[in-house]
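Engineer: Structure: my_file-v6.txt, compact mmCIF, C-alpha atoms.
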```
# COMPACT_ATOMS: atom_id res chain seq x y z
CA MET A 977 13.05 41.00 -21.22
CA ARG A 978 16.33 39.45 -22.13
CA ALA A 979 17.07 38.18 -25.61
CA LYS A 980 15.85 34.68 -26.46
CA ARG A 981 17.90 31.80 -27.74
CA PRO A 982 16.89 28.39 -29.07
CA TYR A 983 16.74 25.31 -26.88
CA ILE A 984 15.74 21.72 -27.47
CA VAL A 985 12.80 20.90 -25.18
CA LEU A 986 11.46 17.43 -24.47
CA SER A 987 7.94 16.98 -23.10
CA PHE A 988 6.42 14.03 -21.27
CA HIS A 989 3.05 12.29 -20.95
CA ALA A 990 3.16 12.50 -17.16
CA THR A 991 5.16 14.18 -14.41
CA VAL A 992 6.39 10.81 -13.17
CA GLU A 993 8.06 10.30 -16.56
CA ALA A 994 9.81 13.65 -16.24
CA MET A 995 11.17 12.63 -12.85
CA ALA A 996 12.37 9.31 -14.22
CA TRP A 997 14.03 11.16 -17.10
CA GLU A 998 15.82 13.57 -14.79
CA LYS A 999 17.15 10.72 -12.70
CA HIS A 1000 18.38 8.89 -15.79
CA CYS A 1001 20.09 12.01 -17.14
CA THR A 1002 21.73 12.77 -13.80
CA GLU A 1003 23.13 9.25 -13.55
CA ALA A 1004 24.33 9.28 -17.17
CA ASN A 1005 25.72 12.83 -17.00
CA ILE A 1006 23.39 13.95 -19.77
CA PRO A 1007 23.26 17.77 -19.70
CA GLY A 1008 20.02 19.69 -19.27
CA ARG A 1009 17.48 20.49 -16.61
CA LEU A 1010 13.77 20.39 -15.81
CA ILE A 1011 11.84 23.56 -16.61
CA PRO A 1012 8.18 24.61 -16.56
CA LEU A 1013 6.47 23.27 -19.68
CA PRO A 1014 6.67 26.10 -22.30
CA ARG A 1015 3.31 27.20 -23.64
CA GLU A 1016 4.49 26.53 -27.19
CA LEU A 1017 4.26 22.85 -26.31
CA SER A 1018 1.12 22.86 -24.19
CA ALA A 1019 -1.24 25.40 -22.71
CA GLY A 1020 -1.45 23.44 -19.47
CA CYS A 1021 1.23 23.09 -16.82
CA GLY A 1022 3.87 20.50 -16.17
CA LEU A 1023 7.56 19.81 -16.53
CA ALA A 1024 9.82 19.60 -19.57
CA TRP A 1025 13.52 18.87 -20.11
CA ARG A 1026 15.61 21.62 -21.70
CA MET A 1027 18.95 21.09 -23.45
CA LEU A 1028 21.27 23.27 -25.48
CA PRO A 1029 21.09 22.40 -29.21
CA GLY A 1030 24.73 21.41 -29.21
CA ASP A 1031 24.21 19.01 -26.32
CA TRP A 1032 21.20 17.55 -28.11
CA GLN A 1033 23.28 16.94 -31.22
CA GLN A 1034 25.87 15.16 -29.14
CA TRP A 1035 23.47 13.03 -27.12
CA GLN A 1036 20.38 12.38 -29.23
CA SER A 1037 21.54 9.09 -30.69
CA LYS A 1038 22.03 7.73 -27.17
CA LEU A 1039 18.67 8.81 -25.78
CA ASP A 1040 15.67 6.50 -25.45
CA ARG A 1041 12.99 7.96 -27.73
CA ASN A 1042 10.28 6.09 -25.81
CA ALA A 1043 11.17 7.82 -22.56
CA PHE A 1044 9.67 11.15 -23.59
CA ASP A 1045 6.64 12.31 -25.55
CA ALA A 1046 7.62 15.08 -27.98
CA ILE A 1047 10.63 17.16 -28.93
CA ALA A 1048 10.62 20.78 -30.09
CA THR A 1049 12.90 23.72 -30.60
CA VAL A 1050 11.75 26.54 -28.38
CA GLU A 1051 13.03 30.12 -28.17
CA GLN A 1052 13.51 31.09 -24.54
CA MET B 1219 10.78 13.88 6.87
CA LEU B 1220 11.80 16.82 9.05
CA GLU B 1221 14.07 17.99 6.26
CA ALA B 1222 11.13 17.80 3.84
CA LEU B 1223 9.00 19.92 6.15
CA GLN B 1224 11.59 22.66 5.93
CA THR B 1225 12.66 22.43 2.30
CA ALA B 1226 10.06 20.76 0.07
CA GLY B 1227 7.70 22.74 -2.14
CA ASN B 1228 4.63 21.40 -3.92
CA PRO B 1229 5.62 18.68 -6.42
CA GLY B 1230 4.46 19.23 -9.97
CA ARG B 1231 3.43 22.81 -9.25
CA GLY B 1232 6.26 24.78 -10.82
CA ALA B 1233 9.85 23.93 -11.66
CA HIS B 1234 11.89 25.87 -9.13
CA GLU B 1235 14.21 23.96 -6.89
CA PRO B 1236 11.86 23.52 -3.90
CA THR B 1237 9.17 21.94 -6.09
CA LEU B 1238 11.68 19.78 -7.95
CA HIS B 1239 13.14 18.71 -4.61
CA ALA B 1240 9.64 17.69 -3.49
CA ALA B 1241 9.02 15.86 -6.77
CA ARG B 1242 12.30 13.97 -6.34
CA LEU B 1243 11.36 12.95 -2.79
CA VAL B 1244 8.00 11.65 -4.00
CA TYR B 1245 9.53 9.87 -6.99
CA GLY B 1246 12.15 8.27 -4.76
CA THR B 1247 9.42 6.80 -2.56
CA ARG B 1248 7.59 5.52 -5.66
CA GLU B 1249 10.81 3.83 -6.77
CA ALA B 1250 11.36 2.23 -3.37
CA LEU B 1251 7.78 0.92 -3.20
CA ALA B 1252 7.95 -0.36 -6.78
CA GLU B 1253 11.11 -2.27 -5.88
CA LEU B 1254 9.56 -3.64 -2.68
CA PHE B 1255 6.42 -4.89 -4.44
CA HIS B 1256 8.20 -5.91 -7.69
CA ALA B 1257 6.01 -3.52 -9.69
CA GLU B 1258 6.58 -2.87 -13.38
CA SER B 1259 7.55 0.77 -12.80
CA PRO B 1260 7.32 3.60 -10.25
CA ALA B 1261 4.36 4.97 -12.24
CA CYS B 1262 2.30 2.01 -10.98
CA ILE B 1263 2.45 3.38 -7.43
CA ALA B 1264 -0.09 6.06 -6.43
CA PHE B 1265 -0.28 7.63 -3.01
CA ALA B 1266 -3.31 7.96 -0.76
CA SER B 1267 -3.77 8.99 2.85
CA ASN B 1268 -4.12 5.40 4.10
CA ALA B 1269 -5.19 1.91 3.02
CA THR B 1270 -8.85 2.80 3.57
CA GLN B 1271 -8.71 5.60 1.02
CA ALA B 1272 -6.86 3.38 -1.44
CA LEU B 1273 -9.38 0.55 -1.01
CA ASN B 1274 -12.31 2.95 -1.37
CA THR B 1275 -10.80 4.31 -4.57
CA ALA B 1276 -10.13 0.89 -6.04
CA ILE B 1277 -13.46 -0.65 -5.06
CA ASN B 1278 -15.62 2.32 -6.04
CA GLY B 1279 -13.59 2.96 -9.17
CA LEU B 1280 -13.89 -0.57 -10.53
CA ILE B 1281 -17.25 -1.96 -9.35
CA ARG B 1282 -20.57 -0.87 -10.85
CA PRO B 1283 -24.21 -1.63 -10.02
CA GLY B 1284 -25.01 -5.08 -11.33
CA ASP B 1285 -21.48 -6.39 -10.77
CA HIS B 1286 -20.92 -9.28 -8.39
CA VAL B 1287 -17.94 -9.24 -6.02
CA ILE B 1288 -16.44 -12.09 -4.01
CA THR B 1289 -14.82 -11.14 -0.72
CA THR B 1290 -14.19 -12.89 2.60
CA VAL B 1291 -15.33 -12.89 6.20
CA CYS B 1292 -11.77 -11.97 7.18
CA GLU B 1293 -12.05 -8.46 5.80
CA HIS B 1294 -11.62 -5.18 7.63
CA ASN B 1295 -14.36 -2.57 7.45
CA SER B 1296 -12.18 -0.65 4.98
CA VAL B 1297 -13.14 -3.35 2.49
CA LEU B 1298 -16.57 -4.27 3.84
CA ARG B 1299 -18.13 -0.83 4.12
CA PRO B 1300 -17.32 0.31 0.57
CA LEU B 1301 -18.73 -3.00 -0.64
CA TYR B 1302 -21.86 -2.71 1.51
CA ARG B 1303 -22.45 0.77 0.13
CA LEU B 1304 -22.07 -0.54 -3.42
CA ARG B 1305 -24.54 -3.32 -2.58
CA GLN B 1306 -27.07 -0.63 -1.67
CA GLN B 1307 -26.48 0.77 -5.16
CA GLY B 1308 -27.08 -2.54 -6.91
CA ALA B 1309 -23.86 -4.54 -6.67
CA GLU B 1310 -23.96 -8.12 -5.38
CA LEU B 1311 -21.66 -9.65 -2.73
CA SER B 1312 -20.61 -13.14 -1.72
CA PHE B 1313 -18.41 -14.02 1.23
CA LEU B 1314 -15.85 -16.80 1.34
CA GLY B 1315 -16.02 -18.45 4.74
CA VAL B 1316 -13.46 -19.85 7.16
CA ASP B 1317 -13.06 -22.99 9.28
CA ALA B 1318 -12.97 -23.10 13.09
CA ARG B 1319 -9.39 -21.77 13.14
CA GLY B 1320 -10.33 -18.88 10.88
CA VAL B 1321 -8.63 -20.34 7.80
CA LEU B 1322 -10.22 -19.32 4.50
CA GLN B 1323 -11.94 -22.16 2.67
CA CYS B 1324 -10.44 -21.49 -0.75
CA ASP B 1325 -11.76 -24.78 -2.08
CA GLN B 1326 -15.22 -23.17 -1.99
CA LEU B 1327 -14.29 -20.26 -4.26
CA GLU B 1328 -15.77 -21.88 -7.35
CA THR B 1329 -19.16 -22.23 -5.65
CA LEU B 1330 -19.36 -18.44 -5.23
CA LEU B 1331 -18.84 -17.65 -8.89
CA ARG B 1332 -21.68 -16.02 -10.84
CA PRO B 1333 -21.96 -14.94 -14.49
CA ASN B 1334 -21.61 -11.29 -13.42
CA THR B 1335 -18.68 -11.76 -11.03
CA LYS B 1336 -16.35 -8.85 -11.66
CA ALA B 1337 -13.75 -8.95 -8.90
CA ILE B 1338 -12.41 -10.66 -5.82
CA VAL B 1339 -11.25 -8.54 -2.89
CA VAL B 1340 -9.17 -10.25 -0.20
CA THR B 1341 -6.97 -9.33 2.70
CA HIS B 1342 -3.43 -10.70 2.66
CA ALA B 1343 -3.75 -11.54 6.36
CA SER B 1344 -6.52 -11.32 8.96
CA ASN B 1345 -5.94 -8.56 11.46
CA VAL B 1346 -7.78 -10.67 14.05
CA THR B 1347 -6.27 -14.14 13.69
CA GLY B 1348 -3.06 -13.42 11.79
CA ASN B 1349 -3.95 -16.16 9.30
CA ARG B 1350 -2.42 -15.39 5.93
CA THR B 1351 -4.37 -15.79 2.71
CA ASP B 1352 -3.00 -18.11 0.04
CA LEU B 1353 -2.80 -15.36 -2.57
CA ALA B 1354 -1.34 -17.63 -5.24
CA ARG B 1355 -4.40 -19.85 -5.02
CA VAL B 1356 -6.82 -16.92 -5.10
CA SER B 1357 -4.90 -15.41 -8.02
CA THR B 1358 -5.18 -18.64 -9.99
CA PHE B 1359 -8.94 -18.61 -9.39
CA ALA B 1360 -9.20 -14.95 -10.39
CA LYS B 1361 -7.19 -15.41 -13.59
CA ARG B 1362 -9.08 -18.55 -14.56
CA HIS B 1363 -12.34 -16.59 -14.52
CA GLY B 1364 -11.08 -13.19 -15.70
CA LEU B 1365 -11.78 -11.46 -12.37
CA LEU B 1366 -10.10 -8.33 -11.08
CA PHE B 1367 -7.84 -9.30 -8.18
CA ILE B 1368 -7.71 -6.64 -5.43
CA VAL B 1369 -5.58 -7.24 -2.33
CA ASP B 1370 -5.61 -5.44 1.03
CA ALA B 1371 -2.03 -5.59 2.30
CA ALA B 1372 -2.51 -3.29 5.29
CA GLN B 1373 -1.31 -6.04 7.64
CA THR B 1374 1.55 -7.38 5.56
CA ALA B 1375 3.23 -4.75 3.37
CA GLY B 1376 6.81 -4.33 4.50
CA VAL B 1377 7.13 -7.54 6.51
CA HIS B 1378 5.89 -10.16 4.05
CA SER B 1379 7.31 -10.63 0.58
CA ILE B 1380 4.83 -9.42 -2.03
CA ASP B 1381 5.41 -9.80 -5.76
CA VAL B 1382 2.49 -8.14 -7.52
CA GLN B 1383 3.50 -9.43 -10.93
CA ALA B 1384 4.15 -13.02 -9.90
CA LEU B 1385 0.81 -13.05 -8.05
CA GLY B 1386 -1.03 -11.43 -10.94
CA MET B 1387 -2.50 -8.65 -8.83
CA ASP B 1388 -4.56 -5.90 -10.41
CA VAL B 1389 -4.54 -3.67 -7.33
CA LEU B 1390 -2.58 -3.86 -4.07
CA CYS B 1391 -3.58 -1.41 -1.34
CA PHE B 1392 -1.23 -0.57 1.53
CA THR B 1393 -0.97 1.73 4.48
CA GLY B 1394 2.26 3.50 5.33
CA HIS B 1395 2.10 3.49 9.09
CA LYS B 1396 2.38 -0.23 9.87
CA GLY B 1397 4.95 -2.58 8.37
CA LEU B 1398 6.25 0.06 5.98
CA LEU B 1399 7.41 2.17 8.95
CA GLY B 1400 6.07 5.43 7.55
CA PRO B 1401 4.08 8.10 9.35
CA GLN B 1402 0.33 8.00 9.84
CA GLY B 1403 -1.60 9.59 6.99
CA THR B 1404 0.37 7.82 4.28
CA GLY B 1405 -0.61 4.89 2.12
CA GLY B 1406 -1.45 4.07 -1.44
CA PHE B 1407 -1.79 1.41 -4.05
CA TYR B 1408 -0.13 -0.49 -6.82
CA VAL B 1409 -2.24 -0.52 -9.99
CA ARG B 1410 -1.47 -2.90 -12.85
CA PRO B 1411 -0.39 -1.06 -16.01
CA GLY B 1412 -3.34 -0.53 -18.32
CA LEU B 1413 -6.00 -0.82 -15.61
CA ARG B 1414 -8.11 2.34 -15.39
CA ILE B 1415 -9.66 3.11 -12.01
CA ALA B 1416 -12.25 5.89 -11.99
CA PRO B 1417 -10.87 8.27 -9.35
CA LEU B 1418 -12.85 9.15 -6.24
CA VAL B 1419 -11.41 12.64 -6.29
CA VAL B 1420 -10.51 14.88 -9.22
CA GLY B 1421 -9.06 18.37 -9.33
CA GLY B 1422 -5.61 19.87 -9.24
CA SER B 1423 -3.01 17.81 -11.05
CA GLY B 1424 -0.31 20.26 -12.08
CA VAL B 1425 -0.74 19.24 -15.74
CA HIS B 1426 -3.30 19.71 -18.57
CA SER B 1427 -4.95 22.54 -16.65
CA PHE B 1428 -7.33 23.52 -19.48
CA ASP B 1429 -8.69 20.02 -19.88
CA GLU B 1430 -12.09 19.62 -18.20
CA ASN B 1431 -11.22 16.04 -17.34
CA HIS B 1432 -8.68 14.94 -14.77
CA PRO B 1433 -5.61 13.32 -16.41
CA ALA B 1434 -5.98 9.58 -16.95
CA GLU B 1435 -2.27 8.78 -16.71
CA MET B 1436 -1.02 6.96 -13.62
CA PRO B 1437 -0.20 8.00 -10.98
CA THR B 1438 -1.67 11.47 -11.56
CA ALA B 1439 -5.06 9.90 -12.26
CA LEU B 1440 -5.41 8.89 -8.60
CA GLU B 1441 -3.54 11.75 -6.93
CA ALA B 1442 -5.71 14.87 -7.27
CA GLY B 1443 -4.61 17.69 -5.00
CA THR B 1444 -1.41 18.37 -3.11
CA LEU B 1445 0.38 15.28 -1.86
CA ASN B 1446 1.53 14.73 1.72
CA VAL B 1447 5.18 15.27 0.78
CA PRO B 1448 6.67 15.19 4.31
CA GLY B 1449 4.74 12.00 5.03
CA ILE B 1450 5.75 10.43 1.73
CA ALA B 1451 9.38 11.37 2.43
CA GLY B 1452 9.09 9.58 5.78
CA LEU B 1453 7.48 6.59 4.11
CA GLY B 1454 10.32 6.49 1.60
CA ALA B 1455 12.88 6.44 4.41
CA GLY B 1456 11.03 3.53 6.00
CA VAL B 1457 10.81 1.51 2.80
CA ARG B 1458 14.46 2.08 1.92
CA TRP B 1459 15.45 0.86 5.39
CA ILE B 1460 13.29 -2.25 4.89
CA LEU B 1461 14.95 -2.91 1.51
CA GLU B 1462 18.38 -2.59 3.14
CA GLN B 1463 17.46 -4.98 5.95
CA GLY B 1464 15.55 -7.44 3.77
CA VAL B 1465 11.86 -8.26 4.16
CA GLU B 1466 12.60 -11.91 4.87
CA LEU B 1467 14.89 -11.05 7.77
CA LEU B 1468 12.35 -8.71 9.36
CA HIS B 1469 9.58 -11.26 8.85
CA ALA B 1470 11.68 -13.98 10.45
CA ARG B 1471 12.37 -11.80 13.51
CA GLU B 1472 8.71 -10.95 14.00
CA THR B 1473 7.62 -14.54 13.47
CA ALA B 1474 10.14 -15.80 16.01
CA LEU B 1475 8.84 -13.36 18.63
CA ALA B 1476 5.21 -14.23 17.94
CA CYS B 1477 6.02 -17.94 18.17
CA LEU B 1478 7.86 -17.42 21.44
CA PHE B 1479 4.82 -15.68 22.90
CA TYR B 1480 2.47 -18.34 21.57
CA GLU B 1481 4.51 -21.14 23.11
CA GLN B 1482 4.51 -19.33 26.46
CA VAL B 1483 0.74 -18.86 26.63
CA ARG B 1484 -0.73 -21.74 24.63
CA SER B 1485 -1.09 -24.11 27.59
CA LEU B 1486 -2.24 -21.63 30.21
CA PRO B 1487 -5.57 -22.42 31.85
CA ASP B 1488 -8.56 -20.43 30.66
CA VAL B 1489 -6.64 -18.95 27.73
CA THR B 1490 -8.36 -19.24 24.36
CA LEU B 1491 -6.23 -18.58 21.26
CA TYR B 1492 -7.62 -17.65 17.85
CA GLY B 1493 -5.98 -18.59 14.57
CA ASP B 1494 -4.06 -21.31 12.79
CA PHE B 1495 -0.75 -21.49 14.62
CA ALA B 1496 0.36 -24.58 12.74
CA ALA B 1497 0.65 -22.55 9.54
CA GLN B 1498 4.16 -21.80 8.31
CA GLU B 1499 3.32 -18.29 7.20
CA ARG B 1500 1.29 -15.99 9.40
CA ALA B 1501 1.12 -12.37 10.39
CA PRO B 1502 2.97 -11.88 13.70
CA ILE B 1503 -0.01 -11.40 15.97
CA VAL B 1504 -1.46 -13.56 18.71
CA SER B 1505 -5.09 -12.98 19.70
CA LEU B 1506 -6.51 -14.49 22.87
CA ASN B 1507 -9.12 -14.27 25.56
CA LEU B 1508 -8.98 -15.06 29.26
CA ALA B 1509 -11.99 -17.20 30.14
CA GLY B 1510 -15.08 -15.04 29.62
CA GLU B 1511 -13.41 -11.78 30.62
CA ASP B 1512 -14.17 -8.68 28.58
CA SER B 1513 -11.20 -8.12 26.26
CA ALA B 1514 -11.39 -4.38 26.94
CA ARG B 1515 -10.88 -4.95 30.69
CA VAL B 1516 -7.94 -7.28 30.06
CA ALA B 1517 -6.34 -4.72 27.73
CA ASP B 1518 -6.83 -1.98 30.29
CA ILE B 1519 -5.18 -4.03 33.05
CA LEU B 1520 -2.28 -4.94 30.74
CA TRP B 1521 -1.62 -1.25 30.18
CA GLU B 1522 -2.32 0.06 33.67
CA ASP B 1523 -0.53 -2.66 35.63
CA TYR B 1524 2.11 -3.86 33.17
CA GLY B 1525 2.66 -1.07 30.62
CA ILE B 1526 1.81 -3.42 27.75
CA CYS B 1527 -0.02 -2.01 24.72
CA VAL B 1528 -2.50 -4.35 23.08
CA ARG B 1529 -5.63 -3.89 21.03
CA ALA B 1530 -8.92 -5.19 22.38
CA GLY B 1531 -12.41 -5.30 20.88
CA ALA B 1532 -13.53 -5.97 17.34
CA HIS B 1533 -10.56 -4.64 15.33
CA CYS B 1534 -12.97 -3.30 12.68
CA ALA B 1535 -13.45 -6.86 11.45
CA PRO B 1536 -17.07 -7.71 12.41
CA LEU B 1537 -17.56 -10.80 10.25
CA MET B 1538 -14.45 -12.48 11.66
CA HIS B 1539 -15.73 -11.99 15.19
CA LYS B 1540 -19.12 -13.39 14.28
CA VAL B 1541 -17.44 -16.55 13.03
CA LEU B 1542 -15.19 -16.81 16.07
CA GLY B 1543 -18.10 -16.20 18.46
CA THR B 1544 -16.39 -13.17 19.99
CA VAL B 1545 -18.84 -10.41 19.09
CA GLU B 1546 -19.58 -9.63 22.74
CA GLN B 1547 -16.20 -10.39 24.26
CA GLY B 1548 -13.88 -9.18 21.52
CA VAL B 1549 -10.31 -10.50 21.61
CA VAL B 1550 -7.03 -9.23 23.05
CA ARG B 1551 -4.53 -8.89 20.22
CA PHE B 1552 -0.78 -8.90 20.85
CA SER B 1553 1.15 -7.56 17.85
CA PHE B 1554 4.88 -8.19 17.56
CA SER B 1555 7.38 -6.03 15.72
CA HIS B 1556 10.95 -6.73 14.69
CA THR B 1557 11.81 -3.91 17.09
CA ASN B 1558 10.47 -5.87 20.08
CA THR B 1559 12.84 -7.94 22.19
CA GLU B 1560 12.56 -11.46 23.58
CA GLN B 1561 12.55 -9.94 27.05
CA GLU B 1562 9.49 -7.86 26.20
CA VAL B 1563 7.75 -10.92 24.81
CA LEU B 1564 8.49 -12.94 27.94
CA GLN B 1565 7.24 -10.07 30.11
CA ALA B 1566 4.00 -9.98 28.14
CA ALA B 1567 3.58 -13.74 28.48
CA ALA B 1568 4.26 -13.51 32.22
CA ALA B 1569 1.56 -10.87 32.53
CA VAL B 1570 -0.95 -13.10 30.75
CA ARG B 1571 0.08 -16.02 32.94
CA GLN B 1572 -0.42 -13.97 36.09
CA LEU B 1573 -3.84 -12.73 34.98
CA ALA B 1574 -4.91 -16.23 33.97
CA GLN B 1575 -3.98 -17.59 37.40
CA GLU B 1576 -5.72 -14.87 39.38
CA GLU B 1577 -8.90 -15.91 41.14
```
Write the structure described by the file as structure tokens, please.
Structural biologist:
Amino acid sequence: MRAKRPYIVLSFHATVEAMAWEKHCTEANIPGRLIPLPRELSAGCGLAWRMLPGDWQQWQSKLDRNAFDAIATVEQ
Amino acid sequence: MLEALQTAGNPGRGAHEPTLHAARLVYGTREALAELFHAESPACIAFASNATQALNTAINGLIRPGDHVITTVCEHNSVLRPLYRLRQQGAELSFLGVDARGVLQCDQLETLLRPNTKAIVVTHASNVTGNRTDLARVSTFAKRHGLLFIVDAAQTAGVHSIDVQALGMDVLCFTGHKGLLGPQGTGGFYVRPGLRIAPLVVGGSGVHSFDENHPAEMPTALEAGTLNVPGIAGLGAGVRWILEQGVELLHARETALACLFYEQVRSLPDVTLYGDFAAQERAPIVSLNLAGEDSARVADILWEDYGICVRAGAHCAPLMHKVLGTVEQGVVRFSFSHTNTEQEVLQAAAAVRQLAQEE
């Protein structure tokens, strides 16, 4: 497998929140994309939002903390 | 909808583009419905296969043996039969009655109250008479006594303004294939934030797969299994068109056509009309009978000889027909859409006139 690199991954309480988040990010030109929920965050299934660490640094102060559940650094 | 059939995957089952595309289609329809009903958020909207499934879920998920429920004689079997089944399991029912025109006697609501009253379930409009329920008045009653307020909007969603927050609704059930202009097999409900409805069906959710319990978060809580994505995409297209046109405009068009028909047939000999036509706000239907003629025969002649589609019989609303005295005869129901024309309405009235004058 290819070499891993760190990403910032945001998880959500429900899929509908992930869809709302994606729409918000698209409209606000916030970089990132929806990915399958990494097992480091949950052993179930679902969607998560992945960003490059540099993008996270640039955007985190402008993001609504209540719009997502948890944040983690994940090697992918 | 056709595009969804060809391109959409299974929403929430994976994160490749086809599944995300499907999830976006579904979310877009949630957004449109939330805007239409003035809901707190798209997460308050859950999809079902029709209003009947939504009503069954809400009624069975909120009412327990020993609870008392107030409903009305205007209800469709999609409300009545779930309640009758619960009564067999120990729930209690009371029915709000109507006057001779089929108008609900809301001033009698207080007399139906019991210490164990849990909920009130009402239709927004009778599918037999077209009489519209004064939801603000029922809501005030429900809030005063801490009752769950469940509304069947199968006849009105899409062509009557509905503000779930202003009206204090706990649950609003709708079908997609009537006023919302979606395909058959679509429907759903609005559920007030914080209200937990025990789901009828549990299973695949796409999340928390190792949890033995189905997720409690809305809307996943009430959407076990794969959704009807092509249907929901079609429903979304319908709702967005309605939002562009404006509900009030569509309602005004339908009302004008129904009034035109009513004025044309109201004075015809041997025509009996059912409903309160003096009311400002009604569903755009006109139900009638021709003397003592079987409504099924009249409907058949209207189709065979005039090409006019009407609904005869009991309309799945048995209590309403008992009150109206039309159990045996049924009624002939003319339903008017904003897509009908004045010419079509006048043709329908002319057909009724001709039949009424025949020996």
Engineer: Residues near region 1278-1292 of chain B, anyone? I mean within 9 Å using all atoms listed in the file, not counting same-chain ones fewer than 4 positions away, as a ChimeraX atom specification.
Structural biologist: /B:1273-1274,1297-1298,1300-1301,1304-1316,1320-1322,1327,1330-1341,1343-1347,1366,1414-1418,1535-1541
Engineer: Could you check the closest approach to chain A for each of B:Met1436, B:Leu1254, B:Leu1520, B:Leu1468 and tell me which residue wins, using only C-alpha atoms?
Structural biologist: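 Comparing B:Met1436, B:Leu1254, B:Leu1520, B:Leu1468 against chain A, the winner is B:Met1436.
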Engineer: Could you pull out every residue with an atom within 8 Å of (-5.9, 20.0, -14.5), file coordinates, counting only C-alpha atoms, and send them as a compact mmCIF listing (two decimals) with C-alpha atoms, in the frame of the given file?
Structural biologist:
```
# COMPACT_ATOMS: atom_id res chain seq x y z
CA GLY A 1020 -1.45 23.44 -19.47
CA GLY B 1421 -9.06 18.37 -9.33
CA GLY B 1422 -5.61 19.87 -9.24
CA SER B 1423 -3.01 17.81 -11.05
CA GLY B 1424 -0.31 20.26 -12.08
CA VAL B 1425 -0.74 19.24 -15.74
CA HIS B 1426 -3.30 19.71 -18.57
CA SER B 1427 -4.95 22.54 -16.65
CA PHE B 1428 -7.33 23.52 -19.48
CA ASP B 1429 -8.69 20.02 -19.88
CA GLU B 1430 -12.09 19.62 -18.20
CA ASN B 1431 -11.22 16.04 -17.34
CA HIS B 1432 -8.68 14.94 -14.77
CA PRO B 1433 -5.61 13.32 -16.41
```
Engineer: Up to 10 Å from chain A, what residues of chain B turn up? Count all atoms listed in the file and give them as number ranges by chain.
Structural biologist: B: 1229-1235, 1238, 1241-1242, 1244-1246, 1248-1249, 1259-1262, 1423-1429, 1433-1439
Engineer: Mind writing the picked residues with C-alpha atoms as a PDB file, in the frame of the given file?
Structural biologist:
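Output below, filename result.pdb:
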```pdb
ATOM      1  CA  PRO B1229       5.620  18.680  -6.420  1.00  0.00           C
ATOM      2  CA  GLY B1230       4.460  19.230  -9.970  1.00  0.00           C
ATOM      3  CA  ARG B1231       3.430  22.810  -9.250  1.00  0.00           C
ATOM      4  CA  GLY B1232       6.260  24.780 -10.820  1.00  0.00           C
ATOM      5  CA  ALA B1233       9.850  23.930 -11.660  1.00  0.00           C
ATOM      6  CA  HIS B1234      11.890  25.870  -9.130  1.00  0.00           C
ATOM      7  CA  GLU B1235      14.210  23.960  -6.890  1.00  0.00           C
ATOM      8  CA  LEU B1238      11.680  19.780  -7.950  1.00  0.00           C
ATOM      9  CA  ALA B1241       9.020  15.860  -6.770  1.00  0.00           C
ATOM     10  CA  ARG B1242      12.300  13.970  -6.340  1.00  0.00           C
ATOM     11  CA  VAL B1244       8.000  11.650  -4.000  1.00  0.00           C
ATOM     12  CA  TYR B1245       9.530   9.870  -6.990  1.00  0.00           C
ATOM     13  CA  GLY B1246      12.150   8.270  -4.760  1.00  0.00           C
ATOM     14  CA  ARG B1248       7.590   5.520  -5.660  1.00  0.00           C
ATOM     15  CA  GLU B1249      10.810   3.830  -6.770  1.00  0.00           C
ATOM     16  CA  SER B1259       7.550   0.770 -12.800  1.00  0.00           C
ATOM     17  CA  PRO B1260       7.320   3.600 -10.250  1.00  0.00           C
ATOM     18  CA  ALA B1261       4.360   4.970 -12.240  1.00  0.00           C
ATOM     19  CA  CYS B1262       2.300   2.010 -10.980  1.00  0.00           C
ATOM     20  CA  SER B1423      -3.010  17.810 -11.050  1.00  0.00           C
ATOM     21  CA  GLY B1424      -0.310  20.260 -12.080  1.00  0.00           C
ATOM     22  CA  VAL B1425      -0.740  19.240 -15.740  1.00  0.00           C
ATOM     23  CA  HIS B1426      -3.300  19.710 -18.570  1.00  0.00           C
ATOM     24  CA  SER B1427      -4.950  22.540 -16.650  1.00  0.00           C
ATOM     25  CA  PHE B1428      -7.330  23.520 -19.480  1.00  0.00           C
ATOM     26  CA  ASP B1429      -8.690  20.020 -19.880  1.00  0.00           C
ATOM     27  CA  PRO B1433      -5.610  13.320 -16.410  1.00  0.00           C
ATOM     28  CA  ALA B1434      -5.980   9.580 -16.950  1.00  0.00           C
ATOM     29  CA  GLU B1435      -2.270   8.780 -16.710  1.00  0.00           C
ATOM     30  CA  MET B1436      -1.020   6.960 -13.620  1.00  0.00           C
ATOM     31  CA  PRO B1437      -0.200   8.000 -10.980  1.00  0.00           C
ATOM     32  CA  THR B1438      -1.670  11.470 -11.560  1.00  0.00           C
ATOM     33  CA  ALA B1439      -5.060   9.900 -12.260  1.00  0.00           C
TER      34      ALA B1439
END
```
Engineer: Quick one: everything within 10 Å of Asp1031 (chain A), counting all atoms listed in the file, minus sequence neighbours fewer than 3 positions away in the same chain. Send it as an MDAnalysis selection string.
Structural biologist: chainID A and resid 983:984 1006:1008 1027:1028 1034:1036
Engineer: Show which residues sit within 9 Å of Leu986 (chain A), as a PyMOL selection string. Count all atoms listed in the file, and ignore same-chain residues fewer than 4 positions away.
Structural biologist: chain A and resi 1024-1027+1044-1049
Engineer: For a test of reading the model, state the distance in Å between CA of Gln1402 (chain B) and CA of Met1219 (chain B), rounded to one decimal.
Structural biologist: 12.4 Å
Engineer: Which polymer residues have any atom within 6 Å of an atom of Glu1051 (chain A), counting only C-alpha atoms, with same-chain residues fewer than 2 positions away left out, as a PyMOL selection string?
Structural biologist: chain A and resi 980-982
